[in-house]
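Peer 1: Provided below: start-v4.cif, containing mmCIF, C-alpha atoms.
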```cif
data_input
#
loop_
_atom_site.label_atom_id
_atom_site.label_comp_id
_atom_site.auth_asym_id
_atom_site.auth_seq_id
_atom_site.Cartn_x
_atom_site.Cartn_y
_atom_site.Cartn_z
CA MET A 3 138.23 116.33 56.73
CA HIS A 4 136.42 119.64 57.17
CA ALA A 5 134.77 119.10 53.76
CA TRP A 6 133.59 115.61 54.84
CA VAL A 7 132.09 116.95 58.07
CA ALA A 8 130.38 119.78 56.18
CA LEU A 9 129.00 117.28 53.65
CA LEU A 10 127.61 115.04 56.40
CA ARG A 11 125.89 118.00 58.02
CA ARG A 12 124.52 119.32 54.73
CA ARG A 13 123.39 115.90 53.46
CA PRO A 14 122.04 114.01 56.50
CA GLU A 15 120.47 111.41 54.23
CA ILE A 16 124.00 110.00 53.81
CA TRP A 17 124.09 108.75 57.39
CA ARG A 18 120.42 108.63 58.40
CA ARG A 19 120.11 105.00 57.49
CA ARG A 20 119.73 101.71 59.22
CA HIS A 21 122.96 100.52 60.93
CA LEU A 22 124.56 103.94 60.42
CA ASN A 23 124.83 107.23 62.28
CA PHE A 24 126.76 110.49 62.10
CA ALA A 25 129.65 109.34 64.30
CA LEU A 26 130.18 106.11 62.36
CA ALA A 27 130.07 107.93 59.01
CA LEU A 28 132.58 110.46 60.36
CA GLU A 29 134.92 107.70 61.59
CA GLY A 30 134.72 105.95 58.24
CA GLY A 31 135.72 109.15 56.44
CA ILE A 32 138.61 109.73 58.84
CA TRP A 33 139.80 106.14 58.33
CA VAL A 34 139.82 106.52 54.54
CA ALA A 35 141.58 109.92 54.75
CA LEU A 36 144.29 108.67 57.15
CA THR A 37 144.87 105.55 55.06
CA LEU A 38 145.33 107.62 51.91
CA PHE A 39 147.59 110.06 53.81
CA ASN A 40 149.80 107.24 55.07
CA ILE A 41 150.01 105.72 51.60
CA GLY A 42 151.12 109.10 50.29
CA ILE A 43 153.86 109.33 52.93
CA TRP A 44 154.94 105.76 52.16
CA ALA A 45 155.14 106.52 48.42
CA ALA A 46 157.03 109.79 48.99
CA GLY A 47 159.50 107.99 51.23
CA GLY A 48 160.60 105.65 48.45
CA ALA A 49 158.08 102.86 49.03
CA GLY A 50 159.75 99.89 50.68
CA SER A 51 157.85 97.80 53.20
CA PHE A 52 154.14 98.62 52.98
CA TRP A 53 153.71 99.75 56.60
CA PRO A 54 150.42 101.75 56.05
CA VAL A 55 148.53 98.45 56.03
CA TRP A 56 149.07 98.02 59.78
CA ALA A 57 147.68 101.43 60.65
CA ALA A 58 144.76 100.82 58.30
CA LEU A 59 144.03 97.46 59.94
CA VAL A 60 144.15 98.89 63.48
CA PHE A 61 141.92 101.87 62.73
CA GLY A 62 139.69 99.74 60.50
CA SER A 63 139.18 97.29 63.35
CA ALA A 64 138.02 100.12 65.58
CA VAL A 65 135.57 101.27 62.91
CA ALA A 66 134.33 97.68 62.49
CA VAL A 67 133.75 97.35 66.26
CA HIS A 68 131.83 100.63 66.28
CA ALA A 69 129.77 99.46 63.30
CA THR A 70 128.94 96.20 65.09
CA VAL A 71 127.80 98.08 68.19
CA VAL A 72 125.64 100.43 66.11
CA SER A 73 124.11 97.50 64.24
CA PHE A 74 123.03 95.55 67.32
CA ARG A 75 122.28 98.18 69.94
CA SER A 76 118.81 99.56 70.51
CA PRO A 77 118.21 103.14 69.39
CA SER A 78 118.78 105.77 72.06
CA HIS A 79 116.11 108.12 73.38
CA GLN A 80 117.73 111.02 71.51
CA GLU A 81 117.72 109.08 68.23
CA LEU A 82 114.09 108.13 68.72
CA SER A 83 113.22 111.77 69.44
CA GLU A 84 115.06 112.90 66.30
CA ARG A 85 113.24 110.23 64.32
CA ILE A 86 109.89 111.38 65.65
CA ASP A 87 110.73 114.99 64.76
CA VAL A 88 111.67 113.97 61.21
CA LEU A 89 108.50 111.94 60.77
CA THR A 90 106.35 114.74 62.19
CA THR A 91 107.90 117.28 59.84
CA THR A 92 107.61 115.10 56.74
CA ARG A 93 104.02 114.10 57.52
CA ALA A 94 103.05 117.73 58.05
CA GLY A 95 104.71 118.61 54.76
CA ALA A 96 102.80 115.84 53.03
CA VAL A 97 99.50 117.14 54.44
CA ASP A 98 100.31 120.67 53.23
CA ALA A 99 101.22 119.34 49.80
CA GLN A 100 97.98 117.38 49.65
CA GLU A 101 95.94 120.45 50.58
CA GLU A 102 97.69 122.47 47.87
CA LYS A 103 96.97 119.70 45.39
CA LEU A 104 93.28 119.72 46.30
CA ARG A 105 93.15 123.49 45.84
CA ARG A 106 94.80 123.15 42.43
CA ILE A 107 92.27 120.50 41.41
CA GLU A 108 89.45 122.78 42.51
CA ARG A 109 90.87 125.67 40.45
CA ASP A 110 91.36 123.45 37.41
CA LEU A 111 87.81 122.15 37.63
CA HIS A 112 86.36 125.63 38.09
CA ASP A 113 88.40 127.37 35.39
CA GLY A 114 88.59 124.50 32.92
CA ALA A 115 86.10 121.68 32.66
CA GLN A 116 83.30 123.44 34.55
CA ALA A 117 83.47 126.51 32.31
CA ARG A 118 83.44 124.36 29.19
CA LEU A 119 80.48 122.34 30.42
CA VAL A 120 78.55 125.55 31.14
CA ALA A 121 79.30 126.77 27.61
CA LEU A 122 78.29 123.36 26.28
CA GLY A 123 74.90 123.61 27.99
CA MET A 124 74.34 127.09 26.57
CA SER A 125 75.24 125.94 23.03
CA LEU A 126 72.83 123.00 23.27
CA GLY A 127 70.07 125.31 24.52
CA MET A 128 70.62 127.74 21.65
CA ALA A 129 70.69 124.86 19.16
CA GLU A 130 67.36 123.67 20.51
CA GLN A 131 65.91 127.14 19.96
CA LYS A 132 67.25 127.23 16.40
CA PHE A 133 65.59 123.90 15.61
CA ASP A 134 62.32 125.23 17.01
CA ALA A 135 62.72 128.31 14.81
CA ALA A 136 63.32 126.13 11.75
CA GLU A 137 66.94 127.23 11.34
CA PRO A 138 68.70 123.88 11.02
CA GLY A 139 71.89 125.33 9.52
CA GLU A 140 72.69 127.52 12.51
CA ALA A 141 71.60 124.73 14.83
CA ARG A 142 74.13 122.37 13.24
CA GLU A 143 76.89 124.95 13.76
CA LEU A 144 75.99 125.24 17.42
CA LEU A 145 75.94 121.46 17.77
CA ALA A 146 79.38 121.28 16.14
CA GLU A 147 80.67 123.86 18.65
CA ALA A 148 79.09 121.86 21.47
CA ARG A 149 80.79 118.69 20.28
CA VAL A 150 84.19 120.44 20.21
CA GLY A 151 83.55 121.83 23.70
CA ALA A 152 82.60 118.37 24.98
CA GLU A 153 85.80 116.88 23.56
CA GLN A 154 87.91 119.63 25.17
CA ALA A 155 86.17 119.19 28.53
CA LEU A 156 86.71 115.42 28.37
CA ARG A 157 90.38 115.93 27.53
CA GLU A 158 90.84 118.30 30.47
CA LEU A 159 89.09 115.87 32.82
CA ARG A 160 91.35 113.06 31.62
CA ASP A 161 94.44 115.20 32.17
CA LEU A 162 93.18 116.09 35.62
CA ALA A 163 92.52 112.44 36.47
CA ARG A 164 95.99 111.54 35.21
CA GLY A 165 97.44 114.12 37.59
CA ILE A 166 95.55 112.57 40.53
CA HIS A 167 96.28 108.92 39.82
CA PRO A 168 96.77 107.75 36.24
CA PRO A 169 94.70 104.68 35.31
CA VAL A 170 97.66 103.08 33.54
CA LEU A 171 99.57 103.09 36.84
CA ALA A 172 96.85 101.14 38.62
CA ASP A 173 96.16 98.79 35.69
CA ARG A 174 99.63 98.03 34.32
CA GLY A 175 102.14 99.17 36.91
CA LEU A 176 105.00 101.62 37.24
CA GLU A 177 106.99 100.67 34.15
CA ALA A 178 104.04 101.09 31.76
CA ALA A 179 103.06 104.38 33.42
CA VAL A 180 106.58 105.84 33.17
CA ARG A 181 106.89 104.69 29.55
CA SER A 182 103.61 106.45 28.77
CA LEU A 183 105.13 109.64 30.20
CA ALA A 184 108.19 109.09 28.02
CA ASP A 185 106.05 108.63 24.91
CA LEU A 186 104.27 111.94 25.57
CA SER A 187 107.50 113.86 26.16
CA PRO A 188 108.98 116.02 23.37
CA MET A 189 112.45 114.88 24.45
CA GLN A 190 114.22 111.62 23.76
CA VAL A 191 113.59 109.57 26.90
CA ASN A 192 115.27 106.26 27.67
CA VAL A 193 113.54 104.20 30.36
CA SER A 194 115.21 101.30 32.18
CA VAL A 195 113.19 99.38 34.78
CA ASP A 196 114.42 96.43 36.85
CA LEU A 197 111.61 95.33 39.18
CA ALA A 198 110.96 91.69 39.97
CA GLU A 199 107.58 92.52 41.50
CA ARG A 200 105.30 95.51 41.82
CA PRO A 201 105.89 97.85 44.77
CA THR A 202 103.04 99.03 46.95
CA ALA A 203 100.55 101.49 45.48
CA ALA A 204 101.94 104.38 47.54
CA VAL A 205 105.51 103.75 46.36
CA GLU A 206 104.38 103.37 42.75
CA SER A 207 102.48 106.63 42.93
CA ALA A 208 105.42 108.53 44.44
CA ALA A 209 107.84 107.11 41.86
CA TYR A 210 105.45 108.01 39.03
CA PHE A 211 105.13 111.63 40.13
CA VAL A 212 108.90 111.93 40.63
CA SER A 213 109.28 110.80 37.01
CA ALA A 214 106.59 113.21 35.81
CA GLU A 215 108.11 116.18 37.66
CA GLY A 216 111.62 115.30 36.49
CA LEU A 217 110.52 115.17 32.86
CA ALA A 218 108.53 118.39 33.20
CA ASN A 219 111.49 120.26 34.74
CA ALA A 220 113.88 118.95 32.09
CA ALA A 221 111.59 120.13 29.29
CA LYS A 222 110.50 123.49 30.74
CA HIS A 223 113.52 124.77 32.61
CA ALA A 224 116.63 122.87 31.53
CA ASP A 225 116.10 122.85 27.73
CA ALA A 226 117.18 119.22 27.75
CA GLU A 227 117.23 117.10 24.61
CA SER A 228 117.44 113.67 26.23
CA VAL A 229 116.60 112.14 29.58
CA GLN A 230 117.44 108.80 31.18
CA ILE A 231 115.10 107.25 33.75
CA ARG A 232 116.48 104.30 35.70
CA ILE A 233 114.32 102.42 38.18
CA ALA A 234 115.55 99.41 40.11
CA ARG A 235 114.92 97.65 43.37
CA ARG A 236 117.96 97.02 45.53
CA GLY A 237 117.03 94.95 48.55
CA SER A 238 114.24 96.74 50.38
CA VAL A 239 114.72 100.05 48.55
CA LEU A 240 113.37 101.22 45.21
CA ARG A 241 115.86 103.62 43.66
CA MET A 242 115.18 105.83 40.68
CA ASP A 243 117.56 108.18 38.88
CA ILE A 244 116.42 110.80 36.37
CA ILE A 245 119.33 112.27 34.42
CA ASP A 246 118.96 115.00 31.80
CA ASP A 247 121.49 116.71 29.57
CA GLY A 248 120.08 120.19 30.12
CA ALA A 249 121.59 123.42 31.39
CA GLY A 250 121.49 122.47 35.08
CA GLY A 251 121.11 124.98 37.88
CA ALA A 252 117.87 123.49 39.23
CA ASP A 253 116.76 124.87 42.60
CA PRO A 254 116.19 121.99 45.07
CA GLU A 255 113.90 124.29 47.07
CA GLY A 256 111.72 125.17 44.09
CA GLY A 257 107.99 124.59 44.39
CA GLY A 258 107.80 121.40 42.33
CA LEU A 259 110.85 119.73 43.83
CA ARG A 260 109.88 120.77 47.36
CA GLY A 261 106.49 119.15 46.89
CA LEU A 262 108.13 115.98 45.58
CA ARG A 263 110.48 115.88 48.56
CA GLY A 264 107.48 116.06 50.88
CA ARG A 265 105.77 113.22 49.02
CA VAL A 266 108.90 111.03 49.13
CA GLU A 267 109.81 111.79 52.76
CA ALA A 268 106.25 111.03 53.83
CA LEU A 269 107.04 107.44 52.81
CA ASP A 270 110.31 107.54 54.79
CA GLY A 271 112.29 107.97 51.58
CA THR A 272 114.92 110.45 50.42
CA LEU A 273 115.14 112.78 47.43
CA ARG A 274 118.43 114.27 46.24
CA VAL A 275 119.04 116.82 43.50
CA VAL A 276 122.45 117.40 41.92
CA SER A 277 122.31 120.14 39.30
CA PRO A 278 125.54 122.07 38.72
CA PRO A 279 125.48 124.97 36.22
CA GLY A 280 125.94 123.52 32.78
CA GLY A 281 124.37 120.22 33.80
CA PRO A 282 123.67 117.43 33.98
CA THR A 283 120.82 117.41 36.47
CA ILE A 284 120.48 114.19 38.45
CA LEU A 285 117.34 113.59 40.46
CA THR A 286 117.62 110.57 42.77
CA ALA A 287 114.81 109.16 44.88
CA GLU A 288 115.02 106.20 47.24
CA LEU A 289 111.78 104.71 48.55
CA PRO A 290 111.53 101.87 51.09
CA CYS A 291 109.60 98.84 49.82
CA ALA A 292 109.75 96.55 52.84
#
```
What would the structure in this file look like if it were written as structure tokens?
Peer 2:
Amino acid sequence: MHAWVALLRRRPEIWRRRHLNFALALEGGIWVALTLFNIGIWAAGGAGSFWPVWAALVFGSAVAVHATVVSFRSPSHQELSERIDVLTTTRAGAVDAQEEKLRRIERDLHDGAQARLVALGMSLGMAEQKFDAAEPGEARELLAEARVGAEQALRELRDLARGIHPPVLADRGLEAAVRSLADLSPMQVNVSVDLAERPTAAVESAAYFVSAEGLANAAKHADAESVQIRIARRGSVLRMDIIDDGAGGADPEGGGLRGLRGRVEALDGTLRVVSPPGGPTILTAELPCA
């Protein structure tokens, strides 16, 4: 029982759901534990009449009554205050993550595409001077360098745009965007998508970046050879699981995963990371679609 209480306190996303709270989750765990304990006593006593069913029914009825009350009662002031605190924290985290993203974009533009475009302008100016000096051979070399620089700058700008909001996501949806990530990955990636209709743009974007970060972590840090990405809508929740066969040991508080958690929680979703040493690493995100 102590382990169940510790788990509920360490993983509040287990009970922070609609029609559920800490007390009800605790009672449910106690009910299961007592039922299993009584069954063990019954089996050790030589079986006979299956008396544990009566205790299970009585305690189960109490849990059912509590669940009914929780389902139909209005949220208390304390619960509303806790909810406001959670939303305030997650929104602030999302703003910080967005500011960091803007700074990264600025650095990438300054150090990458901008520098290449400056060099491109210089090469074109020098080529113009060579043509004026009747040195077409050297001018052609400079033009060839300028063309290569233009291609590199265009590639960097495309990569940067993909990091902001990939065009394939807006044009063709989440499944096509995730499959494009899988095609670019050096690992073997299996993608399974079960969506009857497209989620909102914000949910699609969050799910895409969870997939991108999961694949990047599996390739860079876990030395994984294969990854499974499963995306499905269950009721009003979009759930995605990213499972790799790497070495495990991922830090849930690492920079990339912390940023993802902020992005997901800003949409009132949850992000869980299970990564024991030796693997596998399982990244699970749940995003509300209602």
Peer 1: For Asn219 of chain A, list every protein, DNA or RNA residue within 10 Å, evaluated using all atoms listed in the file, and leave out those in the same chain fewer than 3 positions away; present the list as a list in words.
Peer 2: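 That gives Ser213, Ala214, Glu215, Gly216, Lys222, His223, Ala224, Asp225, Ala226, Asp246, Gly248, Ala252, Gly258, Leu259 and Thr283 of chain A.
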Peer 1: Counting all atoms listed in the file, what is within 12 Å of Leu176 of chain A, bar same-chain residues fewer than 2 positions away, as number ranges by chain?
Peer 2: A: 167-174, 178-183, 193-214, 232-234, 240, 242
Peer 1: Find the residues around Pro188 of chain A up to 9 Å (only C-alpha atoms counted), leave out those fewer than 4 positions away in its own chain, and share them as a list in words.
Peer 2: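 The residues satisfying every condition are Ala184, Ala221 and Glu227 of chain A.
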Peer 1: So what do you get for atom CA of Ala69 of chain A versus atom CA of Leu273 of chain A, distance-wise?
Peer 2: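 Separation of atom CA of Ala69 of chain A and atom CA of Leu273 of chain A: 25.4 Å.
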Peer 1: Pick out the closest residue to Val120 of chain A from this set: A:Ala152, A:Ala146, A:Phe39, A:Gly250. Count only C-alpha atoms.
Peer 2: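 For Val120 of chain A, the nearest of the candidates is A:Ala152.
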Peer 1: Taking all atoms listed in the file into account, name the residue in A:Leu262, A:Ile43, A:Leu26, A:Leu144 that is nearest to Val67 of chain A.
Peer 2: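 Among the listed residues, the smallest separation from Val67 of chain A belongs to A:Leu26.
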Peer 1: If you measure from atom CA of Arg236 of chain A to atom CA of Gly264 of chain A, what distance in Å do you get, rounded to one decimal?
Peer 2: 22.4 Å
Peer 1: Evaluate the PyMOL selection byres ((chain A and resi 289) around 8) here and jot the selected residues down as a list in words.
Peer 2: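 On the file shown, the PyMOL selection byres ((chain A and resi 289) around 8) covers Val205, Val239, Leu240, Arg241, Val266, Leu269, Asp270, Gly271, Thr272, Ala287, Glu288, Pro290 and Cys291 of chain A.
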Peer 1: Only C-alpha atoms, please: the residues just picked out, written as a CSV table (one decimal), keeping the file's coordinate frame.
Peer 2:
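The result, stored in result-v6.csv:
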```
chain,number,residue,atom,x,y,z
A,205,VAL,CA,105.5,103.8,46.4
A,239,VAL,CA,114.7,100.0,48.6
A,240,LEU,CA,113.4,101.2,45.2
A,241,ARG,CA,115.9,103.6,43.7
A,266,VAL,CA,108.9,111.0,49.1
A,269,LEU,CA,107.0,107.4,52.8
A,270,ASP,CA,110.3,107.5,54.8
A,271,GLY,CA,112.3,108.0,51.6
A,272,THR,CA,114.9,110.4,50.4
A,287,ALA,CA,114.8,109.2,44.9
A,288,GLU,CA,115.0,106.2,47.2
A,290,PRO,CA,111.5,101.9,51.1
A,291,CYS,CA,109.6,98.8,49.8
```
Peer 1: Considering only C-alpha atoms, state which residue in the set A:Glu147, A:Thr286, A:Leu59, A:Pro279 is at the smallest distance from Arg263 of chain A.
Peer 2: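 Checking each of A:Glu147, A:Thr286, A:Leu59, A:Pro279 against Arg263 of chain A, counting only C-alpha atoms, the winner is A:Thr286.
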